[in-house]
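What follows is a single structure, written as structure tokens, with notes after it.
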Amino acid sequence: MLKILNKNKKIIKPKAVLFDTDNTLYEYEPANKKATKAVGDKLNNLLGITEQEFLKKYIQSKNEIKAQLGKTASSHSRLLYFQRLLELLGLKAQLLIALDLEQTFWRTFLDNAPLFNGVRDIFFELKKREIPIGIVTDLTSHIQLRKLTYFGLEDIFDAVVTSEEVGADKPNEKVFKLALKKLNLENEENIWMVGDNPDADIIGGKKINAITFQKLHKGISQGINEQEPDVIFDNFIQLNHYIQKLFKKKDE
Amino acid sequence: MIFSFINLKKITDSYGVKEHKRIEQLFRHPLFFIGLTIKIFLIVAITPHIHHIWFLPFLSQPLDGNLLDPWTQFIDKGGDALSFPYGIVMFGSYKFLTLIGNFIDNLISTNFFAKFGFRLSSLIFDFGTLYGIAFIAKKYSIKILLLVYWCSPIMIYILYWHGQLDILPVFLLIICIALMHIEKPIGSGVFMALAILAKSSMLIALPFIIIYYLRNKRITNQISLNLIPLGFILLINLIFYFNSSGFNKMVINSPESNKLFFLNINYGDGLSLFLLPTIFLILLYLFWRMERINLDLLCISIGIGFFSILILLPPSPGWFLWIVPFLTFYQIKAEGDYFFSSIPFYCFFLIYNFLYASGANVNFFDINFHDPLIEKFYFENNFLKSLIFTSLQASGLIVCLKMYQFGIWRNNYYSGIRGKLSIGFTGNQNIIINSIINSLSKILVNERIINLSTENYKKWDPKLTLKSKLNLKNEKVFNLINFSKDFFNIINKRNIHQNSINLNSKNNLSNKKYLNSNIIFLSGFQSLDIKRIRDRANLKINLNILNSDFESRSKVNKKMRESNYLINKKYDLIFGLIKNETKSNIKTNSLNGTYFQELFVTMANGFFHESLVRNLIALSSLKVDVEQSSNLEKVNLTINGDISSEDIMVISKNMIVNSEDLLFFGSKWSEGMLGIIQLIIIIHIADILHQRST
Ligand SMILES: [Mg+2]
């Protein structure tokens, strides 16, 4: 399914396409669930902590860290969550375990985060048409770069911006501005922004006047009112067809 | 009821997101809905003739008397002895929905829901089997799976038109295999028992499963956990029904069970050779003799086992249903024209059965097709029947042979090399090398690995260690002539010098173990000094332990990478390990990967280093430095950081094709740099073993 919601906007061949990563290029929730479970299992093995106790304290530590750091990259840091979790469990300064849990989390996460069908083809299509591709993503650079490397996409992008780099999460426009700057496309209007989150990606995309594409799948609610995207789609293969059609029109 | 004691959620949890996604896609595929629609239409619209004359009268008899012995009750009331030649599990499983249907029928005075419930049971087991196949196969083309199983005309014909019930025992057997695969031996044994209690012919699969347990050392110790519940349940069943006259008459002495010795070669004087047992034993022997038995092979072999019954006995239509799921494993694993080679078999099956087997009635209308079609024609003759039957059996035999051929090919996935694989492994610290070789044999549990070390060929008295150290570089210290002789004796499967092996008390392996080995490590100082040995070795590895001070590191680095010494010996793989200064005491018996902080690797360029580096960096956040040699032949990796054994296990699954043929989920990898060394060596071994001979 691909649907154009904003009929007023004329969609033409873009100057560049920006992509969100998490839950846009792959489905976030199943990987997160598996990874969280692996951490719980490990804690159970190492320290005999039950699953319920772990989940309760994990949510608590997550909330505390988020409240403490606000909308920044490190507010998503699993290492900080696990460190706080161990403290909440009464195990102070178990640094080695915290590091081990972090690695267990990301290993399991990556192993269970297959790219959506058609994502790779879109990148190749855009590369073929010489359209620059950028990544704008929250979270810390280290893990985001690890992810993109694991997906085998390490040399696809012309610009990668993480919220760590600018000091604020999306929809802060600094993230998007920096991406455009890296692409040498400052003040360019004809940019596409593809993401899943109505607040971070759609609102954020609108701040640089981009044409916004929302990727929909299970668990994502379509943005409404000021969060309404210009285009919605649930399948990258169809987005790819759409792009190809757009280019054909141009070629004629 | 019978499913409640296994925790389905827990089982599916051991599956990754990729497998879940595939299952989701399977049930969303248009072909799935097409098949489902056809099936639902048929169970609503059609009552197979045999349901009408046999199963339904048996299933809907009121349960007074002995609840667990409907057979005797049925016979006593003058029922047809052919009605229900199946065991208690078949009865219970089909009874459930039939009973509910009965209840509805009584409530609203209809005559439909009991029959419908009965047929719906088949659909549920059919669906369960599809899920089971997908679960076991893991990686498959969704389209082929749905085409050859879910939309298979044979399945649809047998289950929903002709109306056989054999889907239940097959479904139970599939659960048994799935549980065995994920190491739930008790549940697996219980389901094997249930399958046999549903239909005794499922016993055919049992020897294959036992052989699978015996030949896979990973799970061999679970075999009793599998067989005890199995035997227990069967025994109870036997005791319970021993005196049941109805059960004896209807199940034990059914016409089908008397077919077993039907086909034989007459030797005259009342002496016959029964063909089926003979062929079946040969099949088991062939299965036993396979080099590596993986799950695909098990499923394919069970399919061939069932096939042999079909081809050697006058088959009932329902029997063909046993093979379809196993044929499916073969068709989804073997890519290519296999799908088409089974089309003649499908066609002849349908022609033969439509002509000669009973059909069905259309519900709500007074239309019946229950007589075999041939009765509508006037040319019925035995020659024609035999001709079609011969075509059916011959096309079946061809499919069977193709399956066998594929089985052999798949079996050979890791047997590309002729004869034994020999690996030279030398370096400056034999203790560590020996311990790595030892650890490799624990990861490659089904390979028969031996370590032939020059340490067992010392010329001096082993007790004089001080002297030995002084003479290390003296060529005359080792009896290299004997070493070389023994190596070639092992390669050529000739007896080796018993004396030399017995010298080493620690490695007291029997001569037989040496001769039966398939991977030989040559280790110890000077083990590759003889050119003839060097030339024969399929893989040559060098490993040196280096001190961490910079000077010696760069010195050895240089030596490692450029010295004539190494290049002359043409090592395929060179490792340099830097000791971790903070943990300087290396205990010999418990070698730990964290004793080393850095690893140098020199290996062939353009082989797998890119994906290795990607995995090490992305999955484990190690630091990896890649540098190509000037002539681009080799790459040098410098790796440091921490890596856990779990990381290495995940990477091994990512990097080794068909890794389940060679390694197991539970393989115990080392952590740290030693784990990476294990991984790199095993990828090389897998590659050599897989160099397909085309
Ligand atoms: Mg996102």
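Every chain in the structure tokens takes a letter, A first, then B, and so on in the order presented; its residues are numbered from 1, and the ligands are numbered from 1 following the presented order.
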
Please extract the residues at most 9 Å from ligand 1, counting only C-alpha atoms and all ligand atoms, and provide them as JSON, numbers by chain, using the chain letters and residue numbers of this document.
{"A": [20, 21, 22, 23, 24, 25, 28, 137, 138, 195, 196, 197, 200, 201]}

Keeping all heavy atoms for every residue in the selection just given, could you write it to a file as an mmCIF file, in the first residue's frame?
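Saved the output as result-v1.cif:
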```
data_model
loop_
_atom_site.group_PDB
_atom_site.id
_atom_site.type_symbol
_atom_site.label_atom_id
_atom_site.label_comp_id
_atom_site.auth_asym_id
_atom_site.auth_seq_id
_atom_site.Cartn_x
_atom_site.Cartn_y
_atom_site.Cartn_z
ATOM 1 N N ASP A 20 15.095 7.550 8.440
ATOM 2 C CA ASP A 20 15.247 7.166 9.835
ATOM 3 C C ASP A 20 15.755 5.714 9.828
ATOM 4 O O ASP A 20 15.703 5.044 8.799
ATOM 5 C CB ASP A 20 13.870 7.278 10.518
ATOM 6 C CG ASP A 20 13.857 6.633 11.881
ATOM 7 O OD1 ASP A 20 14.791 6.873 12.652
ATOM 8 O OD2 ASP A 20 12.906 5.881 12.165
ATOM 9 N N THR A 21 16.250 5.225 10.945
ATOM 10 C CA THR A 21 16.747 3.849 10.964
ATOM 11 C C THR A 21 15.788 2.921 11.729
ATOM 12 O O THR A 21 15.168 2.032 11.149
ATOM 13 C CB THR A 21 18.139 3.788 11.600
ATOM 14 O OG1 THR A 21 18.991 4.677 10.901
ATOM 15 C CG2 THR A 21 18.705 2.380 11.520
ATOM 16 N N ASP A 22 15.679 3.171 13.036
ATOM 17 C CA ASP A 22 14.955 2.223 13.887
ATOM 18 C C ASP A 22 13.468 2.209 13.553
ATOM 19 O O ASP A 22 12.827 3.252 13.493
ATOM 20 C CB ASP A 22 15.143 2.596 15.355
ATOM 21 C CG ASP A 22 16.613 2.514 15.730
ATOM 22 O OD1 ASP A 22 17.230 1.481 15.438
ATOM 23 O OD2 ASP A 22 17.142 3.498 16.279
ATOM 24 N N ASN A 23 12.962 1.027 13.354
ATOM 25 C CA ASN A 23 11.554 0.808 13.060
ATOM 26 C C ASN A 23 11.140 1.361 11.697
ATOM 27 O O ASN A 23 9.964 1.381 11.372
ATOM 28 C CB ASN A 23 10.657 1.403 14.160
ATOM 29 C CG ASN A 23 9.467 0.501 14.448
ATOM 30 O OD1 ASN A 23 9.421 -0.619 13.946
ATOM 31 N ND2 ASN A 23 8.516 0.976 15.205
ATOM 32 N N THR A 24 12.136 1.827 10.936
ATOM 33 C CA THR A 24 11.838 2.242 9.565
ATOM 34 C C THR A 24 12.482 1.276 8.586
ATOM 35 O O THR A 24 11.833 0.758 7.691
ATOM 36 C CB THR A 24 12.342 3.670 9.317
ATOM 37 O OG1 THR A 24 11.622 4.550 10.160
ATOM 38 C CG2 THR A 24 12.131 4.081 7.871
ATOM 39 N N LEU A 25 13.762 1.002 8.805
ATOM 40 C CA LEU A 25 14.454 0.064 7.916
ATOM 41 C C LEU A 25 14.230 -1.387 8.351
ATOM 42 O O LEU A 25 14.386 -2.307 7.569
ATOM 43 C CB LEU A 25 15.952 0.365 7.895
ATOM 44 C CG LEU A 25 16.345 1.785 7.491
ATOM 45 C CD1 LEU A 25 17.856 1.906 7.413
ATOM 46 C CD2 LEU A 25 15.721 2.160 6.159
ATOM 47 N N TYR A 28 11.360 -2.768 14.829
ATOM 48 C CA TYR A 28 12.081 -2.597 16.078
ATOM 49 C C TYR A 28 11.597 -3.518 17.185
ATOM 50 O O TYR A 28 12.388 -4.135 17.894
ATOM 51 C CB TYR A 28 11.927 -1.137 16.515
ATOM 52 C CG TYR A 28 12.621 -0.788 17.798
ATOM 53 C CD1 TYR A 28 13.982 -0.481 17.809
ATOM 54 C CD2 TYR A 28 11.932 -0.777 19.010
ATOM 55 C CE1 TYR A 28 14.620 -0.165 18.984
ATOM 56 C CE2 TYR A 28 12.572 -0.468 20.190
ATOM 57 C CZ TYR A 28 13.918 -0.167 20.179
ATOM 58 O OH TYR A 28 14.563 0.133 21.345
ATOM 59 N N THR A 137 19.055 9.812 12.719
ATOM 60 C CA THR A 137 18.577 8.847 13.696
ATOM 61 C C THR A 137 18.910 9.272 15.117
ATOM 62 O O THR A 137 19.917 9.932 15.351
ATOM 63 C CB THR A 137 19.187 7.463 13.401
ATOM 64 O OG1 THR A 137 18.784 6.548 14.398
ATOM 65 C CG2 THR A 137 20.703 7.509 13.372
ATOM 66 N N ASP A 138 18.033 8.875 16.030
ATOM 67 C CA ASP A 138 18.324 9.101 17.443
ATOM 68 C C ASP A 138 19.279 8.016 17.929
ATOM 69 O O ASP A 138 19.643 7.131 17.167
ATOM 70 C CB ASP A 138 17.018 9.057 18.250
ATOM 71 C CG ASP A 138 16.151 10.269 17.942
ATOM 72 O OD1 ASP A 138 16.688 11.252 17.412
ATOM 73 O OD2 ASP A 138 14.935 10.229 18.225
ATOM 74 N N GLY A 195 10.330 7.984 7.486
ATOM 75 C CA GLY A 195 10.471 7.526 8.873
ATOM 76 C C GLY A 195 9.181 6.935 9.385
ATOM 77 O O GLY A 195 8.159 6.934 8.701
ATOM 78 N N ASP A 196 9.228 6.422 10.620
ATOM 79 C CA ASP A 196 8.046 5.754 11.161
ATOM 80 C C ASP A 196 7.330 6.622 12.177
ATOM 81 O O ASP A 196 6.134 6.471 12.394
ATOM 82 C CB ASP A 196 8.450 4.440 11.850
ATOM 83 C CG ASP A 196 9.288 4.698 13.081
ATOM 84 O OD1 ASP A 196 10.384 5.282 12.931
ATOM 85 O OD2 ASP A 196 8.852 4.345 14.193
ATOM 86 N N ASN A 197 8.065 7.519 12.820
ATOM 87 C CA ASN A 197 7.520 8.179 13.999
ATOM 88 C C ASN A 197 6.884 9.518 13.637
ATOM 89 O O ASN A 197 7.547 10.402 13.102
ATOM 90 C CB ASN A 197 8.660 8.383 15.000
ATOM 91 C CG ASN A 197 8.152 8.809 16.355
ATOM 92 O OD1 ASN A 197 7.371 9.754 16.452
ATOM 93 N ND2 ASN A 197 8.572 8.098 17.387
ATOM 94 N N ALA A 200 8.823 12.443 15.744
ATOM 95 C CA ALA A 200 10.240 12.646 15.441
ATOM 96 C C ALA A 200 10.470 12.875 13.949
ATOM 97 O O ALA A 200 11.134 13.839 13.553
ATOM 98 C CB ALA A 200 11.044 11.442 15.909
ATOM 99 N N ASP A 201 9.901 12.010 13.122
ATOM 100 C CA ASP A 201 10.265 12.032 11.707
ATOM 101 C C ASP A 201 9.382 12.953 10.868
ATOM 102 O O ASP A 201 9.881 13.667 9.998
ATOM 103 C CB ASP A 201 10.208 10.606 11.138
ATOM 104 C CG ASP A 201 11.159 9.675 11.880
ATOM 105 O OD1 ASP A 201 12.281 10.133 12.188
ATOM 106 O OD2 ASP A 201 10.777 8.533 12.162
#
```

With 6 Å as the cut-off and only C-alpha atoms counted, what is the closest atom pair between each nearby residue of chain A and chain B? Distances in Å to one decimal, ordered by chain and number, as a tab-separated table.
```
residue	atom	partner	partner_atom	distance
A:Arg107	CA	B:Leu619	CA	5.5
A:Asn112	CA	B:Val17	CA	5.0
A:Arg146	CA	B:Ala618	CA	4.3
A:Thr149	CA	B:Ala618	CA	5.9
A:Tyr150	CA	B:Ala618	CA	5.2
```

Please dump the current selection as an mmCIF file, in the first residue's frame; keep N, CA, C and O atoms.
```
data_model
loop_
_atom_site.group_PDB
_atom_site.id
_atom_site.type_symbol
_atom_site.label_atom_id
_atom_site.label_comp_id
_atom_site.auth_asym_id
_atom_site.auth_seq_id
_atom_site.Cartn_x
_atom_site.Cartn_y
_atom_site.Cartn_z
ATOM 1 N N ARG A 107 23.750 -7.841 20.719
ATOM 2 C CA ARG A 107 23.997 -9.020 19.884
ATOM 3 C C ARG A 107 22.682 -9.667 19.493
ATOM 4 O O ARG A 107 22.415 -9.952 18.321
ATOM 5 N N ASN A 112 18.323 -10.407 15.416
ATOM 6 C CA ASN A 112 16.886 -10.553 15.197
ATOM 7 C C ASN A 112 16.264 -9.338 14.530
ATOM 8 O O ASN A 112 15.085 -9.078 14.698
ATOM 9 N N ARG A 146 27.187 0.553 14.280
ATOM 10 C CA ARG A 146 27.268 -0.918 14.324
ATOM 11 C C ARG A 146 26.093 -1.524 13.573
ATOM 12 O O ARG A 146 26.249 -2.471 12.797
ATOM 13 N N THR A 149 26.441 -1.144 9.842
ATOM 14 C CA THR A 149 27.492 -2.054 9.375
ATOM 15 C C THR A 149 26.969 -3.489 9.320
ATOM 16 O O THR A 149 27.201 -4.217 8.359
ATOM 17 N N TYR A 150 26.258 -3.876 10.372
ATOM 18 C CA TYR A 150 25.744 -5.239 10.407
ATOM 19 C C TYR A 150 24.775 -5.496 9.257
ATOM 20 O O TYR A 150 24.752 -6.580 8.684
#
```

So which bits of region 25-237 of chain A end up helix (DSSP H, G or I) when you DSSP the backbone, as a ChimeraX atom specification?
/A:28-47,51-69,73-76,78-88,95-111,119-128,141-150,163-166,173-182,198-207,225-227,236-237

Go through B:Ser630, B:Thr638, B:Asn226, B:Asn294 one by one, measure the shortest atom-to-atom distance of each to Glu598 (chain B) using only C-alpha atoms, and give the residue with the smallest value.
B:Thr638

Counting only C-alpha atoms, which of B:Ile388, B:Leu297, B:Ile431, B:Ile491 gets nearest to Gly407 (chain B)?
B:Leu297

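Residues with any atom within 10 Å of Val194 (chain A), counting only C-alpha atoms and excluding same-chain neighbours fewer than 6 positions away, are Val17, Leu18, Phe19, Asp20, Thr21, Thr24, Leu25, Ile135, Val136, Asp201, Ile202, Gly205, Ala210, Ile211, Thr212, Phe213, Gln214, Lys215, Pro229, Val231, Ile232 and Phe233 of chain A.
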
Near region 151-155 of chain A, counting only C-alpha atoms, which residues have an atom at most 8 Å away, once you skip same-chain residues fewer than 2 positions from it, shown as number ranges by chain?
A: 114-115, 145, 147-149, 157; B: 614

Okay, now the selection with C-alpha atoms, as a PDB file, in the first residue's frame?
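Everything below was put into result.pdb:
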```pdb
ATOM      1  CA  PRO A 114      16.268  -8.383   9.512  1.00  0.00           C
ATOM      2  CA  LEU A 115      15.877  -5.444   7.129  1.00  0.00           C
ATOM      3  CA  LEU A 145      27.011   2.675  13.120  1.00  0.00           C
ATOM      4  CA  LYS A 147      23.713  -1.508  13.133  1.00  0.00           C
ATOM      5  CA  LEU A 148      24.283  -0.049   9.682  1.00  0.00           C
ATOM      6  CA  THR A 149      27.492  -2.054   9.375  1.00  0.00           C
ATOM      7  CA  PHE A 157      25.117   6.598   2.801  1.00  0.00           C
TER       8      PHE A 157
ATOM      9  CA  ARG B 614      31.752  -6.931   9.626  1.00  0.00           C
TER      10      ARG B 614
END
```

When you look at region 242-249 of chain A with a cut-off of 9 Å (counting only C-alpha atoms), what residues show up, excluding the ones that are within fewer than 4 positions of it in the same chain? I need them as a compact mmCIF listing (two decimals) with N, CA and C atoms, in the first residue's frame.
```
# COMPACT_ATOMS: atom_id res chain seq x y z
N LEU A 2 0.56 2.16 -0.87
CA LEU A 2 1.22 3.47 -0.86
C LEU A 2 0.16 4.50 -1.21
N ILE A 11 4.82 16.09 -5.91
CA ILE A 11 5.97 15.25 -5.60
C ILE A 11 6.77 15.00 -6.85
N ILE A 12 7.99 15.48 -6.84
CA ILE A 12 8.87 15.24 -7.98
C ILE A 12 10.14 14.57 -7.50
N LYS A 13 10.94 14.25 -8.44
CA LYS A 13 12.23 13.62 -8.19
C LYS A 13 13.01 14.39 -7.11
N ILE A 122 15.84 -0.23 -2.66
CA ILE A 122 15.60 1.22 -2.72
C ILE A 122 16.93 1.96 -2.71
N GLU A 125 18.57 1.59 -5.98
CA GLU A 125 17.87 2.38 -6.98
C GLU A 125 18.28 3.85 -6.88
N LEU A 126 18.30 4.37 -5.64
CA LEU A 126 18.65 5.78 -5.45
C LEU A 126 20.11 6.03 -5.84
N ARG A 129 20.43 6.29 -9.48
CA ARG A 129 19.95 7.58 -9.99
C ARG A 129 20.77 8.75 -9.44
N ILE A 237 8.87 -2.24 -1.30
CA ILE A 237 8.85 -2.63 -2.70
C ILE A 237 7.94 -1.68 -3.48
N GLN A 238 6.80 -1.32 -2.84
CA GLN A 238 5.89 -0.39 -3.51
C GLN A 238 6.48 1.01 -3.58
```

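Nearest residue to Gly204 (chain A) among A:Glu189, A:Glu53, A:Glu173, A:Glu228 is A:Glu173, counting only C-alpha atoms.
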
Distance query Ala113 (chain A) at most 7 Å, only C-alpha atoms, self and fewer than 4 positions along chain excluded, as number ranges by chain:
A: 26-27, 31, 109

When DSSP works through the backbone of this structure, what residues of region 121-224 of chain A end up as strand (DSSP E), shown as a compact mmCIF listing (two decimals) with N, CA and C atoms, in the first residue's frame?
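Once written, states-v8.txt looks like this:
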```txt
# COMPACT_ATOMS: atom_id res chain seq x y z
N ILE A 133 21.79 9.86 -0.27
CA ILE A 133 20.99 9.23 0.78
C ILE A 133 21.60 9.59 2.13
N GLY A 134 20.74 9.99 3.05
CA GLY A 134 21.22 10.32 4.39
C GLY A 134 20.48 9.54 5.45
N ILE A 135 21.12 9.43 6.61
CA ILE A 135 20.48 8.78 7.75
C ILE A 135 20.34 9.82 8.85
N VAL A 136 19.14 9.98 9.38
CA VAL A 136 18.96 10.84 10.55
C VAL A 136 18.32 9.99 11.64
N THR A 137 19.05 9.81 12.72
CA THR A 137 18.58 8.85 13.70
C THR A 137 18.91 9.27 15.12
N ALA A 159 25.53 10.67 4.04
CA ALA A 159 25.62 11.41 5.31
C ALA A 159 24.90 10.61 6.38
N VAL A 160 25.50 10.56 7.57
CA VAL A 160 24.84 9.93 8.70
C VAL A 160 24.88 10.91 9.86
N VAL A 161 23.72 11.21 10.42
CA VAL A 161 23.67 12.10 11.58
C VAL A 161 22.94 11.40 12.70
N THR A 162 23.57 11.33 13.86
CA THR A 162 22.88 10.78 15.02
C THR A 162 22.58 11.91 15.98
N ILE A 191 13.40 17.71 -0.55
CA ILE A 191 14.04 16.60 0.16
C ILE A 191 12.93 15.65 0.60
N TRP A 192 13.21 14.38 0.57
CA TRP A 192 12.26 13.41 1.13
C TRP A 192 12.74 12.95 2.49
N MET A 193 11.79 12.82 3.40
CA MET A 193 12.13 12.27 4.71
C MET A 193 11.28 11.02 4.93
N VAL A 194 11.93 9.89 5.13
CA VAL A 194 11.22 8.62 5.32
C VAL A 194 11.42 8.14 6.75
N GLY A 195 10.33 7.98 7.49
CA GLY A 195 10.47 7.53 8.87
C GLY A 195 9.18 6.94 9.38
N ILE A 211 9.32 16.54 1.95
CA ILE A 211 8.13 15.73 1.69
C ILE A 211 8.24 14.52 2.61
N THR A 212 7.22 14.31 3.45
CA THR A 212 7.37 13.29 4.49
C THR A 212 6.66 12.00 4.11
N PHE A 213 7.36 10.92 4.31
CA PHE A 213 6.84 9.58 4.04
C PHE A 213 6.78 8.83 5.36
N GLN A 214 5.61 8.33 5.71
CA GLN A 214 5.56 7.53 6.93
C GLN A 214 5.47 6.05 6.59
N LYS A 215 6.41 5.28 7.18
CA LYS A 215 6.38 3.81 7.01
C LYS A 215 5.46 3.25 8.07
```

Using only C-alpha atoms, which residues sit within 7 Å of Phe521 (chain B) once same-chain residues fewer than 3 positions away are excluded, as a list in words?
Ser422, Ile423, Gly424, Phe425, Ile450, Asn451 and Leu452 of chain B

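Nearest to Thr37 (chain B) of all the residues B:Ile156, B:Arg215, B:Lys138, B:Trp161 is B:Ile156, counting only C-alpha atoms.
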